[in-house]
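Asker: Supplied structure: data-v3.cif, mmCIF, C-alpha atoms; chains and numbers go by the auth columns.
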```
data_query
#
loop_
_atom_site.group_PDB
_atom_site.id
_atom_site.type_symbol
_atom_site.label_atom_id
_atom_site.label_comp_id
_atom_site.label_asym_id
_atom_site.label_seq_id
_atom_site.Cartn_x
_atom_site.Cartn_y
_atom_site.Cartn_z
_atom_site.B_iso_or_equiv
_atom_site.auth_seq_id
_atom_site.auth_asym_id
ATOM 1 C CA MET A 1 -271.169 -52.022 -172.249 0.00 1 A
ATOM 2 C CA SER A 2 -268.209 -53.625 -173.972 0.00 2 A
ATOM 3 C CA ILE A 3 -267.216 -53.123 -177.592 0.00 3 A
ATOM 4 C CA ASN A 4 -266.351 -56.189 -179.591 0.00 4 A
ATOM 5 C CA PRO A 5 -263.982 -55.053 -182.393 0.00 5 A
ATOM 6 C CA SER A 6 -264.794 -58.154 -184.422 0.00 6 A
ATOM 7 C CA ASN A 7 -268.511 -57.246 -184.390 0.00 7 A
ATOM 8 C CA PRO A 8 -269.247 -54.795 -187.250 0.00 8 A
ATOM 9 C CA ALA A 9 -272.297 -53.500 -185.367 0.00 9 A
ATOM 10 C CA ASP A 10 -269.955 -52.016 -182.744 0.00 10 A
ATOM 11 C CA LEU A 11 -267.711 -50.220 -185.286 0.00 11 A
ATOM 12 C CA PRO A 12 -269.888 -47.231 -186.330 0.00 12 A
ATOM 13 C CA ALA A 13 -269.320 -45.704 -182.893 0.00 13 A
ATOM 14 C CA ILE A 14 -265.625 -45.516 -183.794 0.00 14 A
ATOM 15 C CA ALA A 15 -266.083 -43.709 -187.131 0.00 15 A
ATOM 16 C CA MET A 16 -265.247 -40.002 -186.858 0.00 16 A
ATOM 17 C CA ASN A 17 -267.755 -37.276 -187.585 0.00 17 A
ATOM 18 C CA ARG A 18 -266.100 -35.004 -190.210 0.00 18 A
ATOM 19 C CA GLU A 19 -267.668 -31.971 -188.530 0.00 19 A
ATOM 20 C CA LEU A 20 -265.358 -32.718 -185.588 0.00 20 A
ATOM 21 C CA LEU A 21 -262.183 -33.607 -187.456 0.00 21 A
ATOM 22 C CA GLU A 22 -260.862 -32.373 -190.784 0.00 22 A
ATOM 23 C CA ILE A 23 -258.306 -34.629 -192.457 0.00 23 A
ATOM 24 C CA CYS A 24 -256.117 -33.170 -195.191 0.00 24 A
ATOM 25 C CA GLU A 25 -253.308 -34.540 -197.301 0.00 25 A
ATOM 26 C CA TYR A 26 -251.428 -33.666 -200.457 0.00 26 A
ATOM 27 C CA SER A 27 -249.264 -35.935 -202.566 0.00 27 A
ATOM 28 C CA GLY A 28 -248.794 -33.768 -205.666 0.00 28 A
ATOM 29 C CA GLU A 29 -245.643 -31.843 -206.544 0.00 29 A
ATOM 30 C CA GLY A 30 -244.614 -28.652 -204.825 0.00 30 A
ATOM 31 C CA TYR A 31 -246.300 -26.529 -202.167 0.00 31 A
ATOM 32 C CA LYS A 32 -249.966 -26.686 -201.108 0.00 32 A
ATOM 33 C CA PRO A 33 -251.710 -25.041 -198.133 0.00 33 A
ATOM 34 C CA LEU A 34 -253.861 -27.578 -196.264 0.00 34 A
ATOM 35 C CA VAL A 35 -255.330 -25.718 -193.288 0.00 35 A
ATOM 36 C CA ASP A 36 -255.812 -22.004 -192.677 0.00 36 A
ATOM 37 C CA PHE A 37 -257.124 -20.903 -189.311 0.00 37 A
ATOM 38 C CA GLY A 38 -256.917 -17.591 -187.542 0.00 38 A
ATOM 39 C CA ALA A 39 -253.452 -16.196 -188.113 0.00 39 A
ATOM 40 C CA TRP A 40 -251.740 -19.471 -189.091 0.00 40 A
ATOM 41 C CA ARG A 41 -251.439 -21.868 -192.004 0.00 41 A
ATOM 42 C CA VAL A 42 -250.258 -25.472 -192.302 0.00 42 A
ATOM 43 C CA ALA A 43 -249.005 -26.554 -195.714 0.00 43 A
ATOM 44 C CA VAL A 44 -247.093 -29.403 -197.317 0.00 44 A
ATOM 45 C CA LEU A 45 -244.072 -29.080 -199.581 0.00 45 A
ATOM 46 C CA ASN A 46 -243.250 -32.076 -201.752 0.00 46 A
ATOM 47 C CA TYR A 47 -240.542 -32.659 -204.347 0.00 47 A
ATOM 48 C CA SER A 48 -240.727 -30.420 -207.385 0.00 48 A
ATOM 49 C CA ALA A 49 -238.214 -30.315 -210.247 0.00 49 A
ATOM 50 C CA ASP A 50 -237.950 -26.525 -209.933 0.00 50 A
ATOM 51 C CA LEU A 51 -236.434 -27.113 -206.472 0.00 51 A
ATOM 52 C CA LEU A 52 -233.513 -29.181 -207.753 0.00 52 A
ATOM 53 C CA PRO A 53 -230.312 -27.399 -206.703 0.00 53 A
ATOM 54 C CA GLU A 54 -229.292 -26.666 -210.297 0.00 54 A
ATOM 55 C CA HIS A 55 -232.646 -24.876 -210.817 0.00 55 A
ATOM 56 C CA LEU A 56 -232.471 -22.632 -207.751 0.00 56 A
ATOM 57 C CA THR A 57 -231.871 -19.063 -208.923 0.00 57 A
ATOM 58 C CA ARG A 58 -233.195 -17.008 -206.001 0.00 58 A
ATOM 59 C CA MET A 59 -233.927 -16.930 -202.294 0.00 59 A
ATOM 60 C CA GLN A 60 -236.999 -15.604 -200.512 0.00 60 A
ATOM 61 C CA ARG A 61 -237.602 -14.056 -197.123 0.00 61 A
ATOM 62 C CA HIS A 62 -240.760 -13.310 -195.148 0.00 62 A
ATOM 63 C CA ASN A 63 -240.631 -9.769 -193.780 0.00 63 A
ATOM 64 C CA GLU A 64 -243.501 -10.172 -191.300 0.00 64 A
ATOM 65 C CA THR A 65 -243.181 -13.670 -189.871 0.00 65 A
ATOM 66 C CA ASP A 66 -241.077 -16.723 -189.098 0.00 66 A
ATOM 67 C CA GLU A 67 -241.649 -19.974 -191.031 0.00 67 A
ATOM 68 C CA VAL A 68 -241.309 -23.514 -189.643 0.00 68 A
ATOM 69 C CA PHE A 69 -240.294 -26.625 -191.596 0.00 69 A
ATOM 70 C CA VAL A 70 -240.651 -30.237 -190.364 0.00 70 A
ATOM 71 C CA LEU A 71 -239.310 -33.078 -192.504 0.00 71 A
ATOM 72 C CA LEU A 72 -241.867 -35.887 -192.656 0.00 72 A
ATOM 73 C CA ALA A 73 -240.292 -38.127 -195.319 0.00 73 A
ATOM 74 C CA GLY A 74 -237.327 -38.229 -197.676 0.00 74 A
ATOM 75 C CA ARG A 75 -234.624 -35.590 -197.545 0.00 75 A
ATOM 76 C CA CYS A 76 -234.574 -31.816 -197.607 0.00 76 A
ATOM 77 C CA ILE A 77 -231.754 -29.311 -197.429 0.00 77 A
ATOM 78 C CA LEU A 78 -232.751 -25.911 -196.112 0.00 78 A
ATOM 79 C CA PHE A 79 -230.466 -23.152 -197.381 0.00 79 A
ATOM 80 C CA VAL A 80 -230.407 -19.915 -195.373 0.00 80 A
ATOM 81 C CA GLY A 81 -228.636 -16.759 -196.410 0.00 81 A
ATOM 82 C CA GLU A 82 -226.993 -13.972 -194.493 0.00 82 A
ATOM 83 C CA GLY A 83 -227.400 -10.424 -195.754 0.00 83 A
ATOM 84 C CA GLN A 84 -229.880 -7.559 -195.813 0.00 84 A
ATOM 85 C CA GLU A 85 -230.778 -6.617 -199.385 0.00 85 A
ATOM 86 C CA THR A 86 -228.917 -9.487 -201.032 0.00 86 A
ATOM 87 C CA VAL A 87 -227.461 -12.804 -199.914 0.00 87 A
ATOM 88 C CA THR A 88 -223.846 -12.461 -198.827 0.00 88 A
ATOM 89 C CA ARG A 89 -223.239 -15.946 -197.372 0.00 89 A
ATOM 90 C CA ILE A 90 -225.156 -19.242 -197.657 0.00 90 A
ATOM 91 C CA HIS A 91 -225.526 -21.970 -195.030 0.00 91 A
ATOM 92 C CA ALA A 92 -227.047 -25.429 -195.573 0.00 92 A
ATOM 93 C CA GLU A 93 -228.959 -27.593 -193.083 0.00 93 A
ATOM 94 C CA ASP A 94 -229.770 -31.221 -193.935 0.00 94 A
ATOM 95 C CA LEU A 95 -233.116 -31.557 -192.149 0.00 95 A
ATOM 96 C CA GLN A 96 -233.689 -34.453 -189.768 0.00 96 A
ATOM 97 C CA PRO A 97 -237.153 -36.054 -189.539 0.00 97 A
ATOM 98 C CA GLY A 98 -239.400 -34.843 -186.737 0.00 98 A
ATOM 99 C CA ARG A 99 -237.401 -31.730 -185.842 0.00 99 A
ATOM 100 C CA ALA A 100 -238.871 -28.250 -186.207 0.00 100 A
ATOM 101 C CA TYR A 101 -236.649 -25.799 -188.097 0.00 101 A
ATOM 102 C CA ASN A 102 -237.705 -22.192 -187.593 0.00 102 A
ATOM 103 C CA VAL A 103 -236.490 -19.755 -190.238 0.00 103 A
ATOM 104 C CA ARG A 104 -236.596 -16.403 -188.514 0.00 104 A
ATOM 105 C CA GLN A 105 -238.361 -13.365 -189.893 0.00 105 A
ATOM 106 C CA ALA A 106 -236.540 -11.660 -192.808 0.00 106 A
ATOM 107 C CA VAL A 107 -233.945 -14.456 -193.262 0.00 107 A
ATOM 108 C CA TRP A 108 -233.291 -15.412 -196.887 0.00 108 A
ATOM 109 C CA HIS A 109 -234.024 -19.087 -197.573 0.00 109 A
ATOM 110 C CA THR A 110 -234.750 -21.757 -200.155 0.00 110 A
ATOM 111 C CA HIS A 111 -234.629 -25.558 -200.215 0.00 111 A
ATOM 112 C CA THR A 112 -234.039 -28.646 -202.281 0.00 112 A
ATOM 113 C CA LEU A 113 -235.873 -31.944 -201.824 0.00 113 A
ATOM 114 C CA SER A 114 -235.361 -35.585 -202.720 0.00 114 A
ATOM 115 C CA LEU A 115 -237.929 -37.307 -204.950 0.00 115 A
ATOM 116 C CA ASP A 116 -239.652 -38.886 -201.938 0.00 116 A
ATOM 117 C CA ALA A 117 -239.586 -35.775 -199.722 0.00 117 A
ATOM 118 C CA LYS A 118 -242.545 -34.423 -197.781 0.00 118 A
ATOM 119 C CA VAL A 119 -242.109 -31.339 -195.594 0.00 119 A
ATOM 120 C CA LEU A 120 -244.699 -29.837 -193.253 0.00 120 A
ATOM 121 C CA VAL A 121 -244.707 -26.029 -193.366 0.00 121 A
ATOM 122 C CA VAL A 122 -246.230 -23.825 -190.653 0.00 122 A
ATOM 123 C CA GLU A 123 -246.456 -20.137 -191.411 0.00 123 A
ATOM 124 C CA ASN A 124 -248.507 -17.013 -190.937 0.00 124 A
ATOM 125 C CA ARG A 125 -251.681 -17.128 -193.000 0.00 125 A
ATOM 126 C CA GLU A 126 -250.947 -13.620 -194.267 0.00 126 A
ATOM 127 C CA THR A 127 -247.617 -14.680 -195.810 0.00 127 A
ATOM 128 C CA THR A 128 -247.852 -13.545 -199.442 0.00 128 A
ATOM 129 C CA TYR A 129 -245.615 -12.429 -202.277 0.00 129 A
ATOM 130 C CA ASP A 130 -246.378 -8.843 -201.215 0.00 130 A
ATOM 131 C CA ASN A 131 -244.476 -9.296 -197.924 0.00 131 A
ATOM 132 C CA SER A 132 -242.058 -12.003 -199.073 0.00 132 A
ATOM 133 C CA PRO A 133 -239.559 -10.598 -201.558 0.00 133 A
ATOM 134 C CA PHE A 134 -237.090 -12.618 -203.592 0.00 134 A
ATOM 135 C CA THR A 135 -233.460 -11.845 -204.320 0.00 135 A
ATOM 136 C CA PRO A 136 -231.514 -13.361 -207.213 0.00 136 A
ATOM 137 C CA LEU A 137 -228.509 -15.562 -206.584 0.00 137 A
ATOM 138 C CA THR A 138 -225.244 -15.000 -208.414 0.00 138 A
ATOM 139 C CA ASP A 139 -223.806 -17.727 -210.644 0.00 139 A
ATOM 140 C CA VAL A 140 -221.239 -18.430 -207.917 0.00 140 A
ATOM 141 C CA GLN A 141 -224.005 -18.782 -205.288 0.00 141 A
ATOM 142 C CA GLN A 142 -226.020 -21.075 -207.566 0.00 142 A
ATOM 143 C CA ARG A 143 -222.988 -23.322 -208.033 0.00 143 A
ATOM 144 C CA ARG A 144 -222.487 -23.246 -204.245 0.00 144 A
ATOM 145 C CA LEU A 145 -226.007 -24.660 -203.686 0.00 145 A
ATOM 146 C CA VAL A 146 -225.229 -27.529 -206.074 0.00 146 A
ATOM 147 C CA GLU A 147 -221.881 -28.125 -204.346 0.00 147 A
ATOM 148 C CA LEU A 148 -223.434 -28.093 -200.851 0.00 148 A
ATOM 149 C CA THR A 149 -226.112 -30.557 -201.966 0.00 149 A
ATOM 150 C CA ARG A 150 -223.484 -32.932 -203.362 0.00 150 A
ATOM 151 C CA LEU A 151 -221.458 -32.673 -200.147 0.00 151 A
ATOM 152 C CA LEU A 152 -224.433 -33.349 -197.870 0.00 152 A
ATOM 153 C CA TRP A 153 -226.028 -36.019 -200.048 0.00 153 A
ATOM 154 C CA SER A 154 -222.844 -37.671 -201.355 0.00 154 A
ATOM 155 C CA GLU A 155 -224.234 -41.143 -200.603 0.00 155 A
ATOM 156 C CA VAL A 156 -227.421 -40.453 -202.608 0.00 156 A
#
```
In structure tokens, write the structure found in this file.

Answerer:
Amino acid sequence: MSINPSNPADLPAIAMNRELLEICEYSGEGYKPLVDFGAWRVAVLNYSADLLPEHLTRMQRHNETDEVFVLLAGRCILFVGEGQETVTRIHAEDLQPGRAYNVRQAVWHTHTLSLDAKVLVVENRETTYDNSPFTPLTDVQQRRLVELTRLLWSEV
């Protein structure tokens, strides 16, 4: 039997049964989990004004798991911090589309996004505020995030 794509009677066989395939998306601001299954979660992080570099006042770490970021659209700088109880040194990575960036367990991190940014986040489903403490940034560190953003995005 051949399928004629121009014949509408043949097309229902192509439509997907939603019991077989779940399709999720999010276009609002900020972070939103899309799929939780077993021990893992897939979420999306979009631009949010609170993630502008001049608004970043703290970094977070996940004490029990790694966290993966994949840039899907726009621009995102991932800031990672050295240090145990506080951040002692900050590094910046301008994410490239389609690459997986794995922030290792217990590494301080935060990010800034362009207006059109969309980042896929893969993390442990049990990642919560209870096992993901924050540490405040000093005024000098906050200015450093702004400076690093300007350096990396000077053409923006």

Asker: Enumerate, as a PyMOL selection string, the residues matched when the PyMOL selection byres ((chain A and resi 113) around 7) is run on the file above.

Answerer: chain A and resi 47+51-52+75-77+111-112+114-115+117

Asker: From the options A:Glu54, A:Leu34, A:Leu148, A:Val70, which residue's atoms come nearest to A:Ile90, counting only C-alpha atoms?

Answerer: A:Leu148

Asker: Using only C-alpha atoms for the distances, tell me which of A:Val146, A:Leu72, A:Val87, A:Val80 is nearest to A:Leu45.

Answerer: A:Leu72

Asker: Just need the box for stretch 115-130 of chain A, edges along x, y and z, holding every atom the file lists for it with 8 Å tacked onto each side, so centre and edge lengths in Å to one decimal, as JSON.

Answerer:
```
{"center_x": -244.8, "center_y": -23.9, "center_z": -197.8, "size_x": 29.8, "size_y": 46.0, "size_z": 30.3}
```

Asker: Please evaluate the PyMOL selection byres ((chain A and resi 120) around 7) against the structure above and give the resulting residues as a PDB file with C-alpha atoms, in the frame of the given file.

Answerer:
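File produced: result03.pdb:
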```pdb
ATOM      1  CA  ALA A  43    -249.005 -26.554-195.714  1.00  0.00           C
ATOM      2  CA  VAL A  44    -247.093 -29.403-197.317  1.00  0.00           C
ATOM      3  CA  LEU A  45    -244.072 -29.080-199.581  1.00  0.00           C
ATOM      4  CA  PHE A  69    -240.294 -26.625-191.596  1.00  0.00           C
ATOM      5  CA  VAL A  70    -240.651 -30.237-190.364  1.00  0.00           C
ATOM      6  CA  LEU A  71    -239.310 -33.078-192.504  1.00  0.00           C
ATOM      7  CA  LEU A  72    -241.867 -35.887-192.656  1.00  0.00           C
ATOM      8  CA  LYS A 118    -242.545 -34.423-197.781  1.00  0.00           C
ATOM      9  CA  VAL A 119    -242.109 -31.339-195.594  1.00  0.00           C
ATOM     10  CA  VAL A 121    -244.707 -26.029-193.366  1.00  0.00           C
ATOM     11  CA  VAL A 122    -246.230 -23.825-190.653  1.00  0.00           C
TER      12      VAL A 122
END
```

Asker: Near A:Thr88, within 12 Å and counting all atoms listed in the file, which residues show up once chain neighbours fewer than 2 positions away are dropped, as a short mmCIF file (atom, residue, chain, number, x, y, z; two decimals) with C-alpha atoms, keeping the file's coordinate frame?

Answerer:
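The result, written out as result-v8.cif:
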```
data_model
loop_
_atom_site.label_atom_id
_atom_site.label_comp_id
_atom_site.auth_asym_id
_atom_site.auth_seq_id
_atom_site.Cartn_x
_atom_site.Cartn_y
_atom_site.Cartn_z
CA MET A 59 -233.93 -16.93 -202.29
CA VAL A 80 -230.41 -19.92 -195.37
CA GLY A 81 -228.64 -16.76 -196.41
CA GLU A 82 -226.99 -13.97 -194.49
CA GLY A 83 -227.40 -10.42 -195.75
CA GLN A 84 -229.88 -7.56 -195.81
CA GLU A 85 -230.78 -6.62 -199.38
CA THR A 86 -228.92 -9.49 -201.03
CA ILE A 90 -225.16 -19.24 -197.66
CA HIS A 91 -225.53 -21.97 -195.03
CA VAL A 107 -233.94 -14.46 -193.26
CA TRP A 108 -233.29 -15.41 -196.89
CA THR A 135 -233.46 -11.84 -204.32
CA PRO A 136 -231.51 -13.36 -207.21
CA LEU A 137 -228.51 -15.56 -206.58
CA THR A 138 -225.24 -15.00 -208.41
CA VAL A 140 -221.24 -18.43 -207.92
CA GLN A 141 -224.00 -18.78 -205.29
#
```
